[in-house]
Amino acid sequence: MPIYNEEALLDELFSRMLRVFNSIENDFGLECEWVLVNDGSRDRSLEMMKAKASTDARVAIIDLSRNFGHQPAIQAGIEYASGDAVVIMDGDLQDPPELIPDLIRSWKAGNKVVVAQRRSRAERGIKGMLFGLFHAMLARLSDMKMETGSGVFGLLDRRAVNDLLKLRERNRFLPGLRTWVGYEQANVLYDREERAAGKPKQSFSRLVRYGFDAIFSFSFKPLRAIWALGFIVSAFSFLYALFLVIMRILNINVVSGFTTPTVAILLLGGVQLISVGILGEYLGRIYDEVKQRPHYIINEVIRRKNAN
């Protein structure tokens, strides 16, 4: 669970999560471990998490050296987690912890991957419309069929986790990677809630970047669209040139001298800029991969000393 400046809701988060842990231990006879990843919080979040870890051996804290972002923080937690099954979720309580037992039941029924799929979400207005538009676009653009309407919330069997950890790409889109590893998969429906407290930490620009990671990591269709667009523009230009030749042969003057070349230049310039921008998105991701920097840097791992 990544945590970034969530002091306003941590008390409620601790209360609800530990109640769920007690229920899991009693109902399923399973041992629980809670890996909290402090992603460079600047408020009292780390202090509050340390206090909880000092009293509960089930709680472990990975303190990153700075804010690396949502996906690297999740990667750090997955790499540290040692369970036979790993549940991934956000720490804003929009994903209800009370759903975890349902994920475990599906896992114990034989499913290696259990996705918590949103039946509805709390976001309304323009933001809700943009989320819906993104998932619809992803479903059409992706070269691989994946669940839409779901986020990171879900459960992975240890075997699926180990395979996921082999995927070392930097620009990560966990729902896509989770689908890519395969295995028996099931969905558990839930209604996504409002934040328990505080403000969303993902800015619009970060959400756009995350959306680009999803599309460009799992689709070559934008590149194919450039080819198709270039073909269409070339065909249109050829037909228009043929039209002008015919008009000249017929001695009909239809060229005004300004509008036609201006429109053609602007059209071709716009197509070229869009094409270069799409190529740049792919090249930028290649550059990130070539640098081979680590996903994150750990400042400290905090856990009660008598924990196993």
# chains A, B, ... in the order shown; residues from 1 in each chain; ligands from 1
>>> residues_around(residues="segment 93-103 of chain A", least_positions_apart="6", cutoff="8 Å", atoms="only C-alpha atoms", output="list in words")
Leu13, Arg16, Met17, Val20, Ile24, Val87, Val114, Val115, Ala116, Phe153, Gly154, Leu155, Val188, Tyr190, Arg192, Glu193, Glu194, Arg195 and Ala196 of chain A
>>> atom_distance(atom1="atom CA of Arg58 of chain A", atom2="atom CA of Ser15 of chain A")
13.8 Å
>>> closest_residue(among="A:Leu189, A:Ile88, A:Val181, A:Val37", to="Ser65 of chain A", atoms="only C-alpha atoms")
A:Val37
>>> residues_around(residues="Gly230 of chain A", least_positions_apart="5", cutoff="10 Å", atoms="only C-alpha atoms", output="mmCIF file with all heavy atoms, in the first residue's frame")
data_model
loop_
_atom_site.group_PDB
_atom_site.id
_atom_site.type_symbol
_atom_site.label_atom_id
_atom_site.label_comp_id
_atom_site.auth_asym_id
_atom_site.auth_seq_id
_atom_site.Cartn_x
_atom_site.Cartn_y
_atom_site.Cartn_z
ATOM 1 N N ARG A 224 0.643 2.634 -35.874
ATOM 2 C CA ARG A 224 -0.075 2.220 -37.081
ATOM 3 C C ARG A 224 -1.003 3.327 -37.551
ATOM 4 O O ARG A 224 -1.240 3.490 -38.752
ATOM 5 C CB ARG A 224 -0.857 0.938 -36.795
ATOM 6 C CG ARG A 224 0.026 -0.245 -36.406
ATOM 7 C CD ARG A 224 -0.779 -1.511 -36.247
ATOM 8 N NE ARG A 224 0.048 -2.598 -35.729
ATOM 9 C CZ ARG A 224 -0.129 -3.154 -34.530
ATOM 10 N NH1 ARG A 224 -1.105 -2.736 -33.744
ATOM 11 N NH2 ARG A 224 0.661 -4.121 -34.122
ATOM 12 N N ALA A 225 -1.534 4.093 -36.604
ATOM 13 C CA ALA A 225 -2.412 5.211 -36.978
ATOM 14 C C ALA A 225 -1.640 6.275 -37.750
ATOM 15 O O ALA A 225 -2.183 6.904 -38.664
ATOM 16 C CB ALA A 225 -3.045 5.818 -35.723
ATOM 17 N N ALA A 235 -2.942 10.116 -50.213
ATOM 18 C CA ALA A 235 -3.957 9.799 -51.219
ATOM 19 C C ALA A 235 -4.808 11.033 -51.535
ATOM 20 O O ALA A 235 -5.107 11.313 -52.709
ATOM 21 C CB ALA A 235 -4.841 8.661 -50.716
ATOM 22 N N PHE A 236 -5.194 11.766 -50.482
ATOM 23 C CA PHE A 236 -5.984 12.983 -50.686
ATOM 24 C C PHE A 236 -5.187 14.003 -51.500
ATOM 25 O O PHE A 236 -5.724 14.640 -52.422
ATOM 26 C CB PHE A 236 -6.376 13.581 -49.346
ATOM 27 C CG PHE A 236 -7.126 14.879 -49.450
ATOM 28 C CD1 PHE A 236 -8.477 14.910 -49.768
ATOM 29 C CD2 PHE A 236 -6.469 16.091 -49.248
ATOM 30 C CE1 PHE A 236 -9.162 16.103 -49.880
ATOM 31 C CE2 PHE A 236 -7.141 17.293 -49.358
ATOM 32 C CZ PHE A 236 -8.497 17.305 -49.680
ATOM 33 N N LEU A 268 -0.526 19.477 -43.366
ATOM 34 C CA LEU A 268 0.642 18.593 -43.328
ATOM 35 C C LEU A 268 1.518 18.880 -42.117
ATOM 36 O O LEU A 268 2.083 17.969 -41.507
ATOM 37 C CB LEU A 268 1.446 18.749 -44.612
ATOM 38 C CG LEU A 268 0.775 18.216 -45.885
ATOM 39 C CD1 LEU A 268 1.612 18.542 -47.123
ATOM 40 C CD2 LEU A 268 0.551 16.713 -45.778
ATOM 41 N N VAL A 271 -0.145 17.244 -39.102
ATOM 42 C CA VAL A 271 0.039 15.789 -39.145
ATOM 43 C C VAL A 271 1.467 15.416 -38.741
ATOM 44 O O VAL A 271 1.698 14.474 -37.975
ATOM 45 C CB VAL A 271 -0.276 15.261 -40.558
ATOM 46 C CG1 VAL A 271 0.159 13.801 -40.697
ATOM 47 C CG2 VAL A 271 -1.761 15.377 -40.851
ATOM 48 N N GLN A 272 2.439 16.159 -39.220
ATOM 49 C CA GLN A 272 3.831 15.868 -38.897
ATOM 50 C C GLN A 272 4.118 16.080 -37.409
ATOM 51 O O GLN A 272 4.818 15.272 -36.788
ATOM 52 C CB GLN A 272 4.753 16.748 -39.744
ATOM 53 C CG GLN A 272 4.789 16.362 -41.208
ATOM 54 C CD GLN A 272 5.557 17.349 -42.063
ATOM 55 O OE1 GLN A 272 5.834 18.464 -41.628
ATOM 56 N NE2 GLN A 272 5.891 16.950 -43.273
ATOM 57 N N SER A 275 2.592 13.273 -35.459
ATOM 58 C CA SER A 275 3.372 12.053 -35.687
ATOM 59 C C SER A 275 4.667 12.075 -34.885
ATOM 60 O O SER A 275 5.040 11.079 -34.250
ATOM 61 C CB SER A 275 3.688 11.909 -37.179
ATOM 62 O OG SER A 275 2.500 11.875 -37.942
#
>>> atom_distance(atom1="atom CA of Ile302 of chain A", atom2="atom CA of Ile62 of chain A")
6.5 Å
>>> closest_residue(among="A:Glu169, A:Asp157, A:Asp191, A:Glu184", to="Arg285 of chain A", atoms="only C-alpha atoms")
A:Glu169
>>> residues_around(residues="Leu165 of chain A", least_positions_apart="3", cutoff="8 Å", atoms="only C-alpha atoms", output="JSON, numbers by chain")
{"A": [78, 79, 161, 162, 168]}
>>> closest_residue(among="A:Thr55, A:Ser106, A:Asn299, A:Ser45", to="Leu10 of chain A", atoms="only C-alpha atoms")
A:Ser45
